[in-house]
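Just coords-v7.cif here, mmCIF, C-alpha atoms:
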data_run
#
loop_
_atom_site.label_atom_id
_atom_site.label_comp_id
_atom_site.auth_asym_id
_atom_site.auth_seq_id
_atom_site.Cartn_x
_atom_site.Cartn_y
_atom_site.Cartn_z
CA MET A 14 -74.60 -202.84 -45.32
CA ARG A 15 -74.30 -199.64 -43.30
CA VAL A 16 -71.56 -197.50 -44.83
CA TRP A 17 -70.25 -194.41 -43.02
CA VAL A 18 -67.91 -191.90 -44.64
CA VAL A 19 -65.36 -190.26 -42.35
CA ILE A 20 -63.89 -186.89 -43.39
CA ALA A 21 -61.10 -185.34 -41.33
CA ALA A 22 -61.01 -181.58 -41.86
CA TYR A 23 -58.64 -178.86 -40.74
CA ASN A 24 -59.18 -175.32 -42.04
CA GLU A 25 -61.16 -176.50 -45.08
CA ALA A 26 -64.02 -174.00 -44.86
CA SER A 27 -63.81 -173.10 -48.55
CA VAL A 28 -64.27 -176.65 -49.89
CA ILE A 29 -65.76 -178.87 -47.17
CA GLY A 30 -69.40 -177.98 -47.90
CA ARG A 31 -69.11 -179.06 -51.54
CA VAL A 32 -67.29 -182.28 -50.57
CA ILE A 33 -69.96 -183.22 -48.01
CA ASN A 34 -72.78 -182.57 -50.48
CA GLU A 35 -71.11 -184.70 -53.16
CA VAL A 36 -70.81 -187.62 -50.73
CA LYS A 37 -74.37 -187.16 -49.44
CA ARG A 38 -75.73 -187.15 -53.00
CA ARG A 39 -74.44 -190.74 -53.23
CA GLY A 40 -76.56 -191.59 -50.18
CA TYR A 41 -73.86 -192.12 -47.57
CA PRO A 42 -74.01 -190.75 -44.03
CA VAL A 43 -71.05 -188.47 -43.36
CA VAL A 44 -69.20 -187.80 -40.14
CA VAL A 45 -66.89 -184.79 -40.32
CA VAL A 46 -64.18 -184.51 -37.71
CA ASP A 47 -63.21 -180.86 -37.40
CA ASP A 48 -59.66 -181.05 -36.13
CA GLY A 49 -59.62 -177.80 -34.16
CA SER A 50 -59.91 -175.55 -37.21
CA SER A 51 -59.36 -171.83 -36.73
CA ASP A 52 -61.58 -170.92 -39.70
CA ARG A 53 -65.30 -171.60 -40.28
CA THR A 54 -64.92 -175.29 -41.15
CA ALA A 55 -67.43 -176.30 -38.46
CA ASP A 56 -70.10 -173.91 -39.83
CA ALA A 57 -69.41 -175.03 -43.38
CA SER A 58 -69.89 -178.66 -42.27
CA ALA A 59 -73.48 -178.09 -41.20
CA ALA A 60 -74.69 -180.42 -43.98
CA ALA A 61 -72.85 -183.40 -42.48
CA HIS A 62 -74.94 -185.94 -40.59
CA VAL A 63 -72.64 -185.60 -37.64
CA LEU A 64 -69.94 -183.11 -36.76
CA VAL A 65 -67.34 -184.15 -34.20
CA ARG A 66 -65.10 -181.33 -33.03
CA HIS A 67 -61.65 -181.80 -31.58
CA PRO A 68 -61.11 -179.07 -28.97
CA ILE A 69 -57.54 -178.63 -30.25
CA ASN A 70 -55.69 -179.43 -33.46
CA LEU A 71 -54.25 -182.94 -33.20
CA GLY A 72 -53.56 -183.98 -36.77
CA GLN A 73 -55.20 -185.93 -39.57
CA GLY A 74 -54.35 -189.33 -38.09
CA ALA A 75 -55.98 -188.44 -34.78
CA ALA A 76 -59.04 -187.02 -36.54
CA LEU A 77 -59.48 -190.16 -38.65
CA GLN A 78 -59.25 -192.38 -35.58
CA THR A 79 -61.91 -190.25 -33.87
CA GLY A 80 -64.16 -190.58 -36.92
CA ILE A 81 -63.59 -194.34 -37.12
CA ASP A 82 -64.43 -194.70 -33.41
CA PHE A 83 -67.62 -192.70 -33.93
CA ALA A 84 -68.70 -194.72 -36.97
CA LEU A 85 -68.08 -197.97 -35.08
CA GLU A 86 -70.26 -196.67 -32.24
CA ARG A 87 -73.05 -195.97 -34.73
CA GLY A 88 -72.91 -199.55 -35.94
CA ALA A 89 -71.13 -199.05 -39.27
CA ASP A 90 -70.43 -202.21 -41.27
CA VAL A 91 -68.06 -200.42 -43.64
CA ILE A 92 -66.11 -197.23 -42.95
CA VAL A 93 -64.71 -195.11 -45.77
CA THR A 94 -62.08 -192.42 -45.19
CA PHE A 95 -62.30 -189.51 -47.59
CA ASP A 96 -60.11 -186.39 -47.91
CA ALA A 97 -61.64 -183.00 -47.18
CA ASP A 98 -59.72 -181.03 -49.82
CA GLY A 99 -61.89 -182.11 -52.76
CA GLN A 100 -59.32 -184.24 -54.56
CA HIS A 101 -61.32 -187.48 -54.24
CA ARG A 102 -64.38 -188.40 -56.28
CA ALA A 103 -67.49 -189.48 -54.40
CA ALA A 104 -68.20 -191.96 -57.23
CA ASP A 105 -65.16 -193.97 -56.14
CA ILE A 106 -66.73 -194.76 -52.75
CA GLU A 107 -69.09 -197.25 -54.38
CA LYS A 108 -66.12 -198.91 -56.12
CA LEU A 109 -64.37 -199.41 -52.78
CA VAL A 110 -67.49 -200.78 -51.06
CA GLN A 111 -68.15 -203.10 -54.00
CA ALA A 112 -64.56 -204.34 -53.90
CA ILE A 113 -64.90 -205.26 -50.22
CA ARG A 114 -68.16 -207.04 -50.94
CA VAL A 115 -67.04 -208.92 -54.04
CA ALA A 116 -63.47 -209.78 -53.04
CA ASP A 117 -64.52 -210.59 -49.46
CA VAL A 118 -61.63 -208.64 -47.94
CA ASP A 119 -61.45 -206.28 -44.96
CA PHE A 120 -59.67 -203.38 -46.62
CA ALA A 121 -60.07 -201.70 -50.02
CA LEU A 122 -57.24 -199.25 -50.63
CA GLY A 123 -57.56 -196.57 -53.28
CA SER A 124 -54.69 -196.31 -55.74
CA ARG A 125 -54.12 -193.32 -57.97
CA PHE A 126 -51.47 -195.23 -59.90
CA LEU A 127 -53.91 -197.94 -60.94
CA GLY A 128 -56.51 -195.35 -61.78
CA CYS A 129 -56.42 -191.89 -63.25
CA SER A 130 -54.14 -189.29 -61.74
CA ASP A 131 -53.72 -186.59 -64.32
CA GLY A 132 -51.53 -183.64 -63.56
CA VAL A 133 -49.39 -185.23 -60.86
CA PRO A 134 -46.24 -183.11 -60.78
CA VAL A 135 -43.03 -185.06 -61.40
CA ALA A 136 -41.60 -184.26 -57.96
CA ARG A 137 -44.82 -185.47 -56.27
CA ARG A 138 -44.85 -188.65 -58.38
CA VAL A 139 -41.23 -189.45 -57.45
CA LEU A 140 -41.94 -188.77 -53.77
CA LEU A 141 -44.99 -191.04 -53.78
CA LYS A 142 -43.16 -193.82 -55.60
CA ALA A 143 -40.31 -193.64 -53.06
CA ALA A 144 -42.81 -193.74 -50.20
CA THR A 145 -44.54 -196.74 -51.78
CA LEU A 146 -41.24 -198.60 -52.16
CA PHE A 147 -40.42 -197.85 -48.51
CA THR A 148 -43.83 -199.15 -47.40
CA GLN A 149 -43.49 -202.29 -49.50
CA LEU A 150 -40.10 -203.03 -47.90
CA ALA A 151 -41.25 -202.16 -44.37
CA THR A 152 -44.61 -203.98 -44.39
CA GLY A 153 -44.41 -206.58 -47.13
CA LEU A 154 -47.70 -205.33 -48.60
CA ARG A 155 -47.82 -205.36 -52.38
CA ILE A 156 -49.41 -202.00 -53.02
CA SER A 157 -48.95 -199.31 -55.63
CA ASP A 158 -49.99 -196.21 -53.66
CA THR A 159 -49.12 -195.70 -50.03
CA HIS A 160 -50.46 -192.27 -49.07
CA ASN A 161 -53.93 -192.32 -50.55
CA GLY A 162 -56.56 -191.08 -48.12
CA LEU A 163 -59.41 -192.83 -49.94
CA ARG A 164 -59.86 -196.28 -48.42
CA ALA A 165 -62.60 -198.49 -47.03
CA MET A 166 -62.54 -200.99 -44.22
CA THR A 167 -64.98 -203.43 -42.71
CA ARG A 168 -65.99 -203.30 -39.08
CA ARG A 169 -63.52 -206.11 -38.40
CA GLY A 170 -60.81 -204.21 -40.28
CA ALA A 171 -61.49 -201.02 -38.35
CA GLY A 172 -61.12 -203.03 -35.16
CA VAL A 173 -57.44 -203.72 -35.87
CA VAL A 174 -56.68 -200.13 -36.85
CA ARG A 175 -55.49 -198.12 -33.85
CA LEU A 176 -53.79 -194.96 -35.11
CA ARG A 177 -51.29 -193.51 -32.67
CA GLN A 178 -49.50 -191.42 -35.27
CA ASN A 179 -51.48 -188.21 -35.03
CA ARG A 180 -50.01 -186.55 -38.09
CA MET A 181 -49.16 -187.66 -41.60
CA ALA A 182 -47.37 -190.88 -40.64
CA HIS A 183 -50.78 -192.44 -39.89
CA ALA A 184 -51.08 -193.72 -43.47
CA SER A 185 -47.93 -195.83 -43.13
CA GLU A 186 -48.94 -196.86 -39.62
CA MET A 187 -52.31 -198.08 -40.89
CA LEU A 188 -50.64 -200.14 -43.61
CA SER A 189 -48.31 -201.68 -40.99
CA GLN A 190 -51.32 -202.60 -38.88
CA ILE A 191 -53.08 -204.12 -41.90
CA ALA A 192 -49.96 -206.19 -42.65
CA ALA A 193 -49.63 -207.29 -39.02
CA SER A 194 -53.31 -208.26 -38.80
CA GLY A 195 -53.08 -210.66 -41.72
CA LEU A 196 -56.53 -209.49 -42.90
CA GLY A 197 -57.27 -209.41 -46.63
CA TYR A 198 -56.90 -206.26 -48.69
CA ILE A 199 -57.34 -205.20 -52.26
CA GLU A 200 -56.29 -202.15 -54.24
CA VAL A 201 -58.92 -200.30 -56.22
CA PRO A 202 -58.20 -197.79 -59.00
CA VAL A 203 -59.41 -194.32 -58.00
CA THR A 204 -59.14 -190.87 -59.49
CA ILE A 205 -57.33 -188.03 -57.81
CA GLU A 206 -58.21 -184.58 -59.09
CA TYR A 207 -55.34 -182.27 -58.35
CA SER A 208 -56.08 -178.60 -57.90
CA ALA A 209 -53.95 -175.67 -56.80
CA TYR A 210 -55.75 -175.90 -53.45
CA SER A 211 -55.07 -179.61 -52.87
CA MET A 212 -51.48 -179.25 -54.10
CA ALA A 213 -50.86 -176.50 -51.57
CA LYS A 214 -52.12 -178.86 -48.85
CA GLY A 215 -50.13 -181.82 -50.15
CA GLN A 216 -46.95 -183.27 -48.75
CA THR A 217 -43.44 -182.09 -49.48
CA ILE A 218 -40.04 -183.75 -49.16
CA GLY A 219 -39.73 -182.09 -45.74
CA ASP A 220 -42.99 -183.75 -44.69
CA ALA A 221 -41.69 -187.11 -45.96
CA LEU A 222 -38.65 -186.73 -43.68
CA THR A 223 -40.94 -185.91 -40.77
CA ILE A 224 -42.98 -189.03 -41.49
CA LEU A 225 -39.83 -191.18 -41.45
CA LEU A 226 -38.70 -189.64 -38.15
CA ASP A 227 -42.18 -190.11 -36.64
CA LEU A 228 -42.24 -193.77 -37.64
CA PHE A 229 -38.73 -194.24 -36.23
CA ALA A 230 -39.49 -192.39 -32.98
CA ARG A 231 -42.63 -194.46 -32.44
CA ARG A 232 -40.49 -197.60 -32.33
CA LEU A 233 -38.42 -196.20 -29.47
CA TYR A 234 -41.14 -196.36 -26.83
CA ARG A 235 -44.24 -198.35 -25.95
CA MET B 7 -12.45 -193.60 -37.74
CA ILE B 8 -15.28 -195.65 -36.13
CA ALA B 9 -15.85 -192.98 -33.47
CA GLN B 10 -15.71 -190.23 -36.09
CA THR B 11 -18.33 -192.03 -38.22
CA ALA B 12 -20.61 -192.70 -35.25
CA ILE B 13 -20.40 -189.10 -34.03
CA SER B 14 -20.97 -187.84 -37.57
CA MET B 15 -24.11 -189.97 -37.90
CA LEU B 16 -25.45 -188.66 -34.61
CA LEU B 17 -24.69 -185.07 -35.55
CA THR B 18 -26.26 -185.53 -39.00
CA SER B 19 -29.44 -186.88 -37.43
CA VAL B 20 -29.54 -183.78 -35.19
CA ALA B 21 -29.22 -181.56 -38.26
CA VAL B 22 -32.03 -183.45 -40.05
CA TYR B 23 -34.21 -183.31 -36.94
CA ALA B 24 -33.53 -179.58 -36.57
CA ALA B 25 -34.41 -179.00 -40.23
CA THR B 26 -37.77 -180.71 -39.78
CA GLU B 27 -38.44 -178.68 -36.63
CA ARG B 28 -37.57 -175.35 -38.24
CA ARG B 29 -41.21 -174.25 -38.55
CA ARG B 30 -42.08 -174.94 -34.94
CA SER B 31 -38.92 -173.52 -33.30
CA PRO B 32 -36.75 -171.68 -35.82
CA VAL B 33 -34.17 -170.36 -33.33
CA VAL B 34 -33.56 -173.74 -31.71
CA ALA B 35 -33.40 -175.34 -35.16
CA LEU B 36 -30.83 -172.79 -36.36
CA LEU B 37 -28.66 -173.15 -33.25
CA SER B 38 -28.86 -176.94 -33.48
CA ILE B 39 -27.81 -176.90 -37.13
CA ILE B 40 -24.88 -174.56 -36.38
CA ALA B 41 -23.79 -176.73 -33.43
CA ALA B 42 -24.12 -179.92 -35.48
CA ALA B 43 -22.17 -178.39 -38.38
CA ALA B 44 -19.39 -177.23 -36.04
CA GLY B 45 -19.33 -180.66 -34.40
CA LEU B 46 -19.04 -182.37 -37.79
CA TYR B 47 -16.23 -180.04 -38.83
CA PHE B 48 -14.19 -180.61 -35.68
CA THR B 49 -14.81 -184.37 -35.72
CA TRP B 50 -13.15 -184.68 -39.11
CA THR B 51 -10.46 -182.04 -38.51
CA PRO B 52 -9.12 -182.87 -35.04
CA ASP B 53 -6.06 -180.71 -35.68
CA HIS B 54 -8.28 -177.68 -35.99
CA ALA B 55 -10.11 -178.75 -32.85
CA THR B 56 -6.77 -178.92 -31.04
CA GLN B 57 -5.80 -175.53 -32.41
CA VAL B 58 -9.06 -174.08 -31.18
CA ALA B 59 -8.56 -175.83 -27.85
CA MET B 60 -5.01 -174.46 -27.61
CA TRP B 61 -6.23 -171.03 -28.63
CA ALA B 62 -8.88 -171.21 -25.95
CA GLY B 63 -6.23 -172.24 -23.46
CA VAL B 64 -7.29 -175.84 -22.83
CA GLY B 65 -5.60 -179.17 -23.70
CA ARG B 66 -6.62 -181.90 -26.22
CA GLY B 67 -8.61 -183.85 -23.66
CA VAL B 68 -11.33 -181.26 -23.87
CA ASP B 69 -12.20 -182.60 -27.34
CA LEU B 70 -13.27 -185.85 -25.82
CA VAL B 71 -15.23 -184.11 -23.10
CA LEU B 72 -16.92 -181.98 -25.70
CA TYR B 73 -17.87 -185.01 -27.81
CA ILE B 74 -19.22 -186.84 -24.80
CA TRP B 75 -21.20 -183.78 -23.85
CA VAL B 76 -22.67 -183.68 -27.34
CA CYS B 77 -23.70 -187.33 -27.10
CA ILE B 78 -25.28 -186.86 -23.71
CA SER B 79 -27.12 -183.77 -24.91
CA LEU B 80 -28.50 -185.75 -27.82
CA ILE B 81 -29.76 -188.50 -25.60
CA VAL B 82 -31.38 -185.99 -23.27
CA LEU B 83 -32.96 -184.27 -26.26
CA LEU B 84 -34.28 -187.55 -27.63
CA ASN B 85 -35.62 -188.47 -24.24
CA LEU B 86 -37.44 -185.16 -23.94
CA HIS B 87 -38.88 -185.64 -27.40
CA LEU B 88 -40.20 -189.09 -26.54
CA LYS B 89 -41.69 -187.79 -23.30
CA LEU B 90 -43.48 -185.08 -25.24
CA ARG B 91 -44.83 -187.67 -27.67
CA ARG B 92 -46.20 -189.76 -24.80
CA GLN B 93 -47.84 -186.66 -23.34
CA MET B 94 -49.35 -185.88 -26.73
CA GLU B 95 -50.85 -189.36 -26.95
CA LEU B 96 -52.54 -188.80 -23.59
CA VAL B 97 -53.82 -185.39 -24.73
CA THR B 98 -55.16 -187.05 -27.90
CA VAL B 99 -57.11 -189.66 -25.95
CA MET B 100 -58.56 -186.94 -23.72
CA ALA B 101 -59.49 -184.64 -26.63
CA ARG B 102 -61.08 -187.56 -28.50
CA THR B 103 -63.16 -188.54 -25.48
CA ILE B 104 -64.42 -184.96 -25.10
CA ALA B 105 -65.15 -184.63 -28.83
CA LEU B 106 -67.11 -187.90 -28.98
CA ALA B 107 -69.05 -187.09 -25.81
CA GLU B 108 -70.06 -183.69 -27.20
CA ALA B 109 -71.12 -185.24 -30.51
CA ARG B 110 -73.25 -187.82 -28.69
CA HIS B 111 -74.82 -185.04 -26.61
CA ARG B 112 -75.66 -182.96 -29.71
CA LEU B 113 -77.19 -186.02 -31.38
CA SER B 114 -79.38 -186.83 -28.38
CA GLU B 115 -80.53 -183.18 -28.24
CA LYS B 116 -81.40 -183.32 -31.92
CA ALA B 117 -83.36 -186.55 -31.36
CA ASP B 118 -85.20 -184.97 -28.42
CA ARG B 119 -86.17 -181.96 -30.54
CA ARG B 120 -87.57 -184.31 -33.16
CA ARG B 121 -89.47 -186.44 -30.64
CA PHE B 122 -90.79 -183.64 -28.40
CA PRO B 123 -91.06 -180.48 -30.54
CA GLU B 124 -93.63 -178.94 -28.15
CA ALA B 125 -91.34 -179.25 -25.13
CA VAL B 126 -88.51 -177.61 -27.01
CA ARG B 127 -90.81 -174.74 -28.11
CA ASP B 128 -91.92 -174.19 -24.48
CA ARG B 129 -88.36 -173.82 -23.19
#
Could you render the structure from this file as structure tokens?
Amino acid sequence: MRVWVVIAAYNEASVIGRVINEVKRRGYPVVVVDDGSSDRTADASAAAHVLVRHPINLGQGAALQTGIDFALERGADVIVTFDADGQHRAADIEKLVQAIRVADVDFALGSRFLGCSDGVPVARRVLLKAATLFTQLATGLRISDTHNGLRAMTRRGAGVVRLRQNRMAHASEMLSQIAASGLGYIEVPVTIEYSAYSMAKGQTIGDALTILLDLFARRLYR
Amino acid sequence: MIAQTAISMLLTSVAVYAATERRRSPVVALLSIIAAAAGLYFTWTPDHATQVAMWAGVGRGVDLVLYIWVCISLIVLLNLHLKLRRQMELVTVMARTIALAEARHRLSEKADRRRFPEAVRDR
């Protein structure tokens, strides 16, 4: 089973090298999509098997779709999306791939609320729970964590994912597409390691409002 | 009451939209919030709106014109926003195509260097 790990990175020069090396140590090929960074993210990603560079900043959703397209071109059987800010553990990739294999599903979605998520600030926890409730109501998926960037999908699963939400609303959009496809999914407990760096990059209530508006606006045109 | 509620909902959505846009265009966001707040105030206090209208030297009918103008402006604004989103989707497809083509090119160059090291050294 050919597994490719897709990492979308924007101005992550200080951490991306370490993240790539951790994933590579587990034996997975890594494609980094540098989303038009203004810092030295591209140089720091030299260890990646492939670096794809957006000429301009488009957003995490756009970068992930680019990475997924690239991995599909290279014949990936399973594609794993992994955050660039160092909050995911490379050891969890194997758990996701195993879950797809054993449960015979097309999507394995990481859940911090089934796993270990020490140090989640109360405000962040409330925000995530509200987002999860919204996603459950909007998509009908029974999931416990809606905005977790650590997920795996089969080639068939990746085929039904077509992210048009360039920015943060892509996570909800992907879940909607999974629900609409009727393909099987499973949640897998994963660990999120919060740091001051990842918290600074995390979402706020303002971002949550933007996500809602993006999702709403996307329904107003074809 | 129905019209007041509908106009209030529209004006509130403008204020929320402006708040989320404050980083990208702070001046427009501030003006939009002020306009939305004034609109909300006058929607629920029509007497004050009339007083202002009288003070400005126009009759009550101008309230209605003003409200309609606000609604039309909102629709135009929404339309512009949606057009921009469509444009952005096209830009995304173009940028992705360029990025993937460059990555493929770099990979084939790397493969060539591995297969024909002598030729690369001669260049």
With chain B as the partner and 7 Å as the cut-off, tabulate the residues of chain A that qualify, each row holding the nearest pair of atoms and their distance in Å to one decimal, using only C-alpha atoms, sorted by chain and rising number, as a Markdown table.
| residue | atom | partner | partner_atom | distance |
| --- | --- | --- | --- | --- |
| A:Leu64 | CA | B:Ala109 | CA | 6.7 |
| A:Val65 | CA | B:Ala109 | CA | 5.4 |
| A:Arg66 | CA | B:Ala105 | CA | 5.3 |
| A:His67 | CA | B:Ala105 | CA | 5.3 |
| A:Pro68 | CA | B:Ala101 | CA | 6.3 |
| A:Leu71 | CA | B:Thr98 | CA | 6.8 |
| A:Thr79 | CA | B:Arg102 | CA | 6.1 |
| A:Phe83 | CA | B:Leu106 | CA | 6.9 |
| A:Gly219 | CA | B:Thr26 | CA | 6.4 |
| A:Thr223 | CA | B:Thr26 | CA | 6.2 |
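CA of Tyr207 in chain A lies 25.8 Å from CA of Ile81 in chain A.
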For this structure, which residues satisfy the selection - the PyMOL selection byres ((chain A and resi 145) around 8) - when it is evaluated on the file as given? I want them as a PyMOL selection string. chain A and resi 141-144+146-149+156-160
Grab the CA of Val16 in chain A to CA of Ala116 in chain A distance for me, in Å with one decimal place.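 Going from CA of Val16 in chain A over to CA of Ala116 in chain A covers 16.8 Å.
Distances to Ile33 in chain A were evaluated for A:Asp119, A:Asp98, A:Glu86, A:Glu200 using all atoms listed in the file, and the minimum falls at A:Asp98.
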Find the distance between CA of Asp56 in chain A and CA of Gly40 in chain A and write it in Å to one decimal.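 Computed distance, CA of Asp56 in chain A to CA of Gly40 in chain A, equals 21.5 Å.
For the structure in this document, the set picked by the PyMOL selection byres ((chain A and resi 61) around 8) is A:Ile33, A:Pro42, A:Val43, A:Val44, A:Val45, A:Ser58, A:Ala59, A:Ala60, A:His62, A:Val63, A:Leu64.
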In terms of the shortest atom-to-atom distance over all atoms listed in the file, which of A:Asp47, A:Asp82, A:Glu25, A:Glu186 is closest to Asn70 in chain A?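 Checking each of A:Asp47, A:Asp82, A:Glu25, A:Glu186 against Asn70 in chain A, counting all atoms listed in the file, the winner is A:Asp47.
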Could you tell me which residues the PyMOL selection byres ((chain A and resi 53) around 9) returns for this structure, as a ChimeraX atom specification? /A:24-27,50-52,54-58
For those residues, write C-alpha atoms to a file as a PDB file, in the frame of the given file.
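Output file again.pdb is given in full below:
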ATOM      1  CA  ASN A  24     -59.180-175.320 -42.040  1.00  0.00           C
ATOM      2  CA  GLU A  25     -61.160-176.500 -45.080  1.00  0.00           C
ATOM      3  CA  ALA A  26     -64.020-174.000 -44.860  1.00  0.00           C
ATOM      4  CA  SER A  27     -63.810-173.100 -48.550  1.00  0.00           C
ATOM      5  CA  SER A  50     -59.910-175.550 -37.210  1.00  0.00           C
ATOM      6  CA  SER A  51     -59.360-171.830 -36.730  1.00  0.00           C
ATOM      7  CA  ASP A  52     -61.580-170.920 -39.700  1.00  0.00           C
ATOM      8  CA  THR A  54     -64.920-175.290 -41.150  1.00  0.00           C
ATOM      9  CA  ALA A  55     -67.430-176.300 -38.460  1.00  0.00           C
ATOM     10  CA  ASP A  56     -70.100-173.910 -39.830  1.00  0.00           C
ATOM     11  CA  ALA A  57     -69.410-175.030 -43.380  1.00  0.00           C
ATOM     12  CA  SER A  58     -69.890-178.660 -42.270  1.00  0.00           C
TER      13      SER A  58
END
For a quick check of understanding, using only C-alpha atoms, which of B:Gly63, B:Leu36, B:Ala55, B:Val76 has the smallest distance to Ser14 in chain B?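 Residue with the minimum atom-to-atom distance to Ser14 in chain B: B:Val76.
Closest to Ala184 in chain A among A:Ile224, A:Val139, A:Ala21, A:Ala112 is A:Ile224, based on all atoms listed in the file.
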Assuming the input is short of atoms at range 93-109 of chain B, produce N, CA and C atoms for that part as a JSON list (two decimals), keeping the file's coordinate frame.
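Output below, filename rebuild-v2.json:
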[["chain", "number", "residue", "atom", "x", "y", "z"],
["B", 93, "GLN", "N", -46.86, -187.64, -23.86],
["B", 93, "GLN", "CA", -47.84, -186.66, -23.34],
["B", 93, "GLN", "C", -48.89, -186.36, -24.39],
["B", 94, "MET", "N", -48.43, -186.22, -25.64],
["B", 94, "MET", "CA", -49.35, -185.88, -26.73],
["B", 94, "MET", "C", -50.36, -187.01, -26.95],
["B", 95, "GLU", "N", -49.91, -188.23, -26.78],
["B", 95, "GLU", "CA", -50.85, -189.36, -26.95],
["B", 95, "GLU", "C", -51.94, -189.32, -25.88],
["B", 96, "LEU", "N", -51.54, -188.92, -24.66],
["B", 96, "LEU", "CA", -52.54, -188.80, -23.59],
["B", 96, "LEU", "C", -53.51, -187.66, -23.90],
["B", 97, "VAL", "N", -52.97, -186.54, -24.37],
["B", 97, "VAL", "CA", -53.82, -185.39, -24.73],
["B", 97, "VAL", "C", -54.80, -185.81, -25.83],
["B", 98, "THR", "N", -54.31, -186.60, -26.78],
["B", 98, "THR", "CA", -55.16, -187.05, -27.90],
["B", 98, "THR", "C", -56.33, -187.88, -27.39],
["B", 99, "VAL", "N", -56.03, -188.81, -26.49],
["B", 99, "VAL", "CA", -57.11, -189.66, -25.95],
["B", 99, "VAL", "C", -58.15, -188.80, -25.24],
["B", 100, "MET", "N", -57.65, -187.80, -24.48],
["B", 100, "MET", "CA", -58.56, -186.94, -23.72],
["B", 100, "MET", "C", -59.42, -186.10, -24.67],
["B", 101, "ALA", "N", -58.76, -185.50, -25.67],
["B", 101, "ALA", "CA", -59.49, -184.64, -26.63],
["B", 101, "ALA", "C", -60.53, -185.47, -27.40],
["B", 102, "ARG", "N", -60.16, -186.70, -27.75],
["B", 102, "ARG", "CA", -61.08, -187.56, -28.50],
["B", 102, "ARG", "C", -62.30, -187.91, -27.64],
["B", 103, "THR", "N", -62.05, -188.21, -26.38],
["B", 103, "THR", "CA", -63.16, -188.54, -25.48],
["B", 103, "THR", "C", -64.12, -187.37, -25.36],
["B", 104, "ILE", "N", -63.58, -186.16, -25.22],
["B", 104, "ILE", "CA", -64.42, -184.96, -25.10],
["B", 104, "ILE", "C", -65.21, -184.75, -26.40],
["B", 105, "ALA", "N", -64.51, -184.87, -27.53],
["B", 105, "ALA", "CA", -65.15, -184.63, -28.83],
["B", 105, "ALA", "C", -66.30, -185.62, -29.06],
["B", 106, "LEU", "N", -66.06, -186.89, -28.76],
["B", 106, "LEU", "CA", -67.11, -187.90, -28.98],
["B", 106, "LEU", "C", -68.28, -187.70, -28.02],
["B", 107, "ALA", "N", -67.97, -187.32, -26.78],
["B", 107, "ALA", "CA", -69.05, -187.09, -25.81],
["B", 107, "ALA", "C", -69.93, -185.92, -26.25],
["B", 108, "GLU", "N", -69.29, -184.85, -26.74],
["B", 108, "GLU", "CA", -70.06, -183.69, -27.20],
["B", 108, "GLU", "C", -70.93, -184.05, -28.41],
["B", 109, "ALA", "N", -70.36, -184.85, -29.31],
["B", 109, "ALA", "CA", -71.12, -185.24, -30.51],
["B", 109, "ALA", "C", -72.34, -186.08, -30.11]]
